[in-house]
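Chemist: Contents of target14.txt (compact mmCIF, C-alpha atoms):
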# COMPACT_ATOMS: atom_id res chain seq x y z
CA MET P 1008 -33.02 22.34 -72.25
CA ASP P 1009 -29.84 20.92 -73.77
CA ASP P 1010 -30.08 23.44 -76.61
CA LEU P 1011 -30.42 26.36 -74.20
CA LEU P 1012 -27.47 25.20 -72.09
CA GLU P 1013 -25.33 24.80 -75.21
CA LYS P 1014 -26.38 28.24 -76.47
CA LEU P 1015 -25.57 29.90 -73.12
CA GLN P 1016 -22.22 28.13 -72.95
CA MET P 1017 -21.29 29.33 -76.46
CA GLN P 1018 -22.51 32.89 -75.80
CA GLY P 1019 -20.55 32.99 -72.54
CA THR P 1020 -17.36 31.80 -74.22
CA GLU P 1021 -17.74 34.38 -77.02
CA ASN P 1022 -18.58 37.18 -74.60
CA ASP P 1023 -15.64 36.43 -72.29
CA ALA P 1024 -13.17 36.31 -75.20
CA LEU P 1025 -14.20 39.83 -76.25
CA GLN P 1026 -14.48 41.45 -72.80
CA GLN P 1027 -11.52 43.12 -71.14
CA ASP P 1028 -13.58 44.19 -68.11
CA LYS P 1029 -13.84 41.18 -65.76
CA SER P 1030 -17.13 42.46 -64.30
CA LYS P 1031 -18.76 42.11 -67.75
CA LYS P 1032 -17.56 38.52 -68.27
CA TRP P 1033 -20.04 35.70 -67.75
CA LEU P 1034 -17.42 33.37 -66.23
CA ASN P 1035 -19.60 30.30 -66.79
CA ILE P 1036 -18.68 26.97 -65.28
CA THR P 1037 -17.39 24.44 -67.80
CA PRO P 1038 -19.84 21.95 -69.36
CA GLY P 1039 -17.92 19.23 -67.48
CA THR P 1040 -18.62 20.99 -64.20
CA GLY P 1041 -22.29 21.28 -65.17
CA LYS P 1042 -22.44 17.53 -65.79
CA PHE P 1043 -20.69 16.88 -62.47
CA LEU P 1044 -23.21 19.09 -60.62
CA ALA P 1045 -26.08 17.30 -62.40
CA LEU P 1046 -24.70 13.90 -61.32
CA LEU P 1047 -24.30 15.16 -57.76
CA VAL P 1048 -27.87 16.46 -57.68
CA ASP P 1049 -29.11 13.16 -59.07
CA GLU P 1050 -27.23 11.27 -56.33
CA ILE P 1051 -28.11 13.55 -53.39
CA GLN P 1052 -31.75 14.19 -54.45
CA PRO P 1053 -31.84 17.59 -52.67
CA THR P 1054 -35.03 19.53 -52.12
CA ARG P 1055 -33.15 22.83 -51.61
CA ILE P 1056 -29.95 24.05 -53.26
CA LEU P 1057 -28.14 27.32 -52.53
CA GLU P 1058 -25.93 28.88 -55.18
CA ILE P 1059 -23.75 31.90 -54.51
CA GLY P 1060 -22.71 33.55 -57.76
CA THR P 1061 -25.51 33.33 -60.34
CA SER P 1062 -23.86 35.30 -63.15
CA MET P 1063 -26.05 34.69 -66.22
CA GLY P 1064 -27.69 31.59 -64.70
CA TYR P 1065 -25.86 28.86 -66.63
CA SER P 1066 -24.85 26.87 -63.54
CA THR P 1067 -28.23 27.57 -61.93
CA LEU P 1068 -29.99 25.95 -64.86
CA TRP P 1069 -27.78 22.85 -64.60
CA LEU P 1070 -28.74 22.54 -60.91
CA ALA P 1071 -32.46 23.21 -61.37
CA HIS P 1072 -32.79 20.95 -64.42
CA ALA P 1073 -31.02 18.05 -62.68
CA GLY P 1074 -33.25 18.38 -59.61
CA GLY P 1075 -36.49 18.28 -61.56
CA ASN P 1076 -39.74 19.55 -60.09
CA SER P 1077 -38.81 18.50 -56.55
CA VAL P 1078 -35.95 21.00 -56.10
CA GLN P 1079 -35.93 24.69 -55.19
CA VAL P 1080 -32.76 26.61 -56.06
CA VAL P 1081 -31.95 29.84 -54.23
CA THR P 1082 -29.28 31.78 -56.12
CA ILE P 1083 -27.59 35.05 -55.18
CA GLU P 1084 -25.99 37.55 -57.56
CA CYS P 1085 -24.62 41.00 -56.70
CA ASP P 1086 -24.53 42.43 -60.26
CA GLU P 1087 -27.92 43.81 -61.30
CA ALA P 1088 -27.43 43.41 -65.07
CA LYS P 1089 -26.38 39.77 -64.68
CA HIS P 1090 -29.26 39.16 -62.27
CA GLN P 1091 -31.78 40.52 -64.81
CA GLN P 1092 -30.25 38.50 -67.66
CA ALA P 1093 -30.28 35.31 -65.54
CA GLN P 1094 -33.96 35.80 -64.77
CA GLN P 1095 -34.67 36.00 -68.51
CA HIS P 1096 -32.81 32.71 -68.99
CA PHE P 1097 -34.80 31.10 -66.16
CA ARG P 1098 -38.09 32.19 -67.76
CA GLN P 1099 -36.88 30.99 -71.16
CA ALA P 1100 -36.15 27.56 -69.63
CA GLY P 1101 -39.53 27.50 -67.87
CA MET P 1102 -37.81 27.16 -64.50
CA ASP P 1103 -38.37 30.56 -62.93
CA ASN P 1104 -40.95 29.00 -60.59
CA ARG P 1105 -38.26 26.73 -59.09
CA ILE P 1106 -35.45 29.31 -58.95
CA ASP P 1107 -35.51 32.04 -56.32
CA ALA P 1108 -33.07 34.63 -57.69
CA LYS P 1109 -31.86 37.14 -55.13
CA LEU P 1110 -30.07 40.39 -55.99
CA GLY P 1111 -27.49 41.70 -53.56
CA ASP P 1112 -24.45 40.87 -51.51
CA ALA P 1113 -24.13 37.24 -50.46
CA SER P 1114 -22.91 38.13 -46.98
CA ASP P 1115 -26.14 40.05 -46.40
CA TRP P 1116 -28.47 37.49 -47.99
CA ILE P 1117 -27.14 34.42 -46.21
CA THR P 1118 -27.89 35.96 -42.82
CA ARG P 1119 -31.54 36.30 -43.88
CA LEU P 1120 -32.05 32.84 -45.38
CA GLU P 1121 -34.08 30.37 -43.35
CA GLY P 1122 -33.97 26.60 -43.31
CA GLN P 1123 -31.17 24.40 -44.57
CA PHE P 1124 -29.85 23.20 -47.91
CA GLU P 1125 -28.58 19.76 -48.91
CA LEU P 1126 -26.23 21.25 -51.51
CA ILE P 1127 -24.43 24.59 -51.71
CA PHE P 1128 -22.55 25.67 -54.84
CA LEU P 1129 -20.06 28.50 -54.29
CA ASP P 1130 -18.75 30.37 -57.34
CA ALA P 1131 -18.36 34.02 -56.42
CA ASP P 1132 -15.82 36.50 -55.03
CA ARG P 1133 -13.22 34.17 -53.50
CA SER P 1134 -12.00 36.86 -51.08
CA GLN P 1135 -15.36 36.51 -49.25
CA TYR P 1136 -15.29 32.75 -48.74
CA LEU P 1137 -13.66 32.75 -45.31
CA SER P 1138 -16.06 35.35 -43.94
CA LEU P 1139 -19.05 33.44 -45.37
CA ALA P 1140 -17.88 30.03 -44.10
CA PRO P 1141 -19.44 29.85 -40.59
CA ARG P 1142 -22.89 30.84 -41.86
CA LEU P 1143 -22.66 28.57 -44.93
CA PHE P 1144 -22.18 25.56 -42.68
CA GLN P 1145 -25.11 26.58 -40.50
CA LEU P 1146 -27.20 26.57 -43.70
CA LEU P 1147 -25.85 23.21 -44.90
CA LYS P 1148 -27.77 20.17 -43.65
CA PRO P 1149 -25.79 17.39 -41.97
CA GLN P 1150 -24.70 14.94 -44.66
CA GLY P 1151 -24.94 17.79 -47.15
CA MET P 1152 -22.29 18.92 -49.61
CA LEU P 1153 -20.58 22.17 -50.49
CA VAL P 1154 -18.97 22.45 -53.93
CA VAL P 1155 -16.56 25.29 -54.71
CA ASP P 1156 -15.60 26.06 -58.32
CA ASN P 1157 -12.12 27.14 -59.54
CA ALA P 1158 -10.25 25.13 -56.91
CA LEU P 1159 -7.41 24.39 -59.37
CA SER P 1160 -7.56 27.33 -61.77
CA HIS P 1161 -7.46 29.79 -58.84
CA ALA P 1162 -5.84 27.54 -56.22
CA ASP P 1163 -3.99 30.40 -54.51
CA ASP P 1164 -7.23 32.36 -54.05
CA VAL P 1165 -9.07 29.31 -52.69
CA ALA P 1166 -6.17 28.12 -50.48
CA PRO P 1167 -7.03 30.08 -47.28
CA PHE P 1168 -10.62 28.81 -47.40
CA LYS P 1169 -9.44 25.26 -48.12
CA ARG P 1170 -7.04 25.36 -45.14
CA TRP P 1171 -9.88 26.54 -42.88
CA LEU P 1172 -12.14 23.74 -44.15
CA GLU P 1173 -9.45 21.12 -43.51
CA GLN P 1174 -9.22 22.24 -39.87
CA GLN P 1175 -12.92 21.53 -39.19
CA PRO P 1176 -13.38 18.03 -37.74
CA GLU P 1177 -16.96 17.71 -39.07
CA LEU P 1178 -15.84 18.07 -42.68
CA ASP P 1179 -14.31 15.81 -45.32
CA VAL P 1180 -12.54 17.87 -47.98
CA GLY P 1181 -11.19 16.92 -51.40
CA VAL P 1182 -10.43 18.46 -54.79
CA LEU P 1183 -11.60 16.84 -58.02
CA PRO P 1184 -9.89 17.62 -61.37
CA ILE P 1185 -13.16 18.41 -63.12
CA GLY P 1186 -13.52 21.63 -65.12
CA LYS P 1187 -11.45 24.27 -63.38
CA GLY P 1188 -11.22 22.15 -60.23
CA GLU P 1189 -14.03 21.38 -57.81
CA LEU P 1190 -13.44 21.57 -54.07
CA VAL P 1191 -15.97 19.16 -52.58
CA VAL P 1192 -16.86 19.28 -48.88
CA TYR P 1193 -19.03 16.78 -47.02
CA LEU P 1194 -20.58 17.73 -43.66
CA HIS P 1195 -20.80 14.73 -41.28
CA ASP P 1196 -22.60 16.27 -38.33
CA ASP P 1197 -24.04 19.58 -37.28
CA PHE P 1198 -21.47 22.34 -37.67
CA ARG P 1199 -20.24 23.64 -34.35
So that I can check it, write out the structure of this file as structure tokens.

Modeler:
Amino acid sequence: MDDLLEKLQMQGTENDALQQDKSKKWLNITPGTGKFLALLVDEIQPTRILEIGTSMGYSTLWLAHAGGNSVQVVTIECDEAKHQQAQQHFRQAGMDNRIDAKLGDASDWITRLEGQFELIFLDADRSQYLSLAPRLFQLLKPQGMLVVDNALSHADDVAPFKRWLEQQPELDVGVLPIGKGELVVYLHDDFR
């Protein structure tokens, strides 16, 4: 698994350096962020994880690998080519049975998801975050965590969402200087 993660990280870096079109970039999380997510999964011991923004599946594999056989990861990607490539990576890792990869718009998919998740990882179109927020916190179990990537590298884009989060009394919010910045949100009680 370590070899596959390293290979995907290198391929993503090479691809993104050559691509001018942002939609064709992999935009992988950093290896440091992957390690942070793995530590978080190890601490929380979730049975269900939701990821919004699969891309090529690099972050998904970090989450699924850290959770072992007891975790189910639901991941949503809107780009069909990236979705197909991610599914190949999941099969290559032998984890396709624990990863439920959905193709389509996150705002549509999250209205159809049932049950709750102990961990949600958000790394997608930042302009959607505010509109997704109420439903995300209905899907997050009490005492669950939401992690948002790019909180420092794209602080201006994340700022409206962060301000909204800070106004919710049920939430503790902080930013960690890991990778490109991780906005970490803890849900105390049921979201109102």

Chemist: Residues around (-37.6, 24.6, -44.3), cut-off 12 Å, counting all atoms listed in the file - what are they as a ChimeraX atom specification?

Modeler: /P:1054-1056,1079,1120-1125,1146-1148

Chemist: If you count only C-alpha atoms, which residues fall within 6 Å of Leu1190 in chain P, apart from same-chain ones fewer than 3 positions away, as a PyMOL selection string?

Modeler: chain P and resi 1154-1155+1158+1181-1182

Chemist: Need the neighbours of (-36.8, 28.3, -68.2): which residues are at most 12 Å away, counting all atoms listed in the file, as a ChimeraX atom specification?

Modeler: /P:1008-1012,1064-1065,1067-1069,1071-1072,1093-1106

Chemist: Tell me, as a PDB file with C-alpha atoms, keeping the file's coordinate frame, which residues lie within 8 Å of Ala1073 in chain P, counting all atoms listed in the file; anything in the same chain fewer than 5 positions away does not count.

Modeler:
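Generated output (selection-v2.pdb):
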ATOM      1  CA  ALA P1045     -26.080  17.300 -62.400  1.00  0.00           C
ATOM      2  CA  LEU P1046     -24.700  13.900 -61.320  1.00  0.00           C
ATOM      3  CA  VAL P1048     -27.870  16.460 -57.680  1.00  0.00           C
ATOM      4  CA  ASP P1049     -29.110  13.160 -59.070  1.00  0.00           C
TER       5      ASP P1049
END

Chemist: Hey, what's within 9 Å of Arg1142 in chain P if we count all atoms listed in the file and toss same-chain stuff fewer than 3 positions away? As a list in words, please?

Modeler: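 The neighbour list is Ser1114, Ile1117, Thr1118, Ser1138, Leu1139, Gln1145, Leu1146 and Leu1147 of chain P.
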
Chemist: Draw an axis-aligned box tight on the listed atoms of range 1050-1063 of chain P, then pad every side by 5 Å and write out centre and edge lengths in Å to one decimal as lines of an AutoDock Vina configuration file.

Modeler:
center_x = -28.9
center_y = 23.3
center_z = -58.9
size_x = 22.3
size_y = 34.0
size_z = 24.6
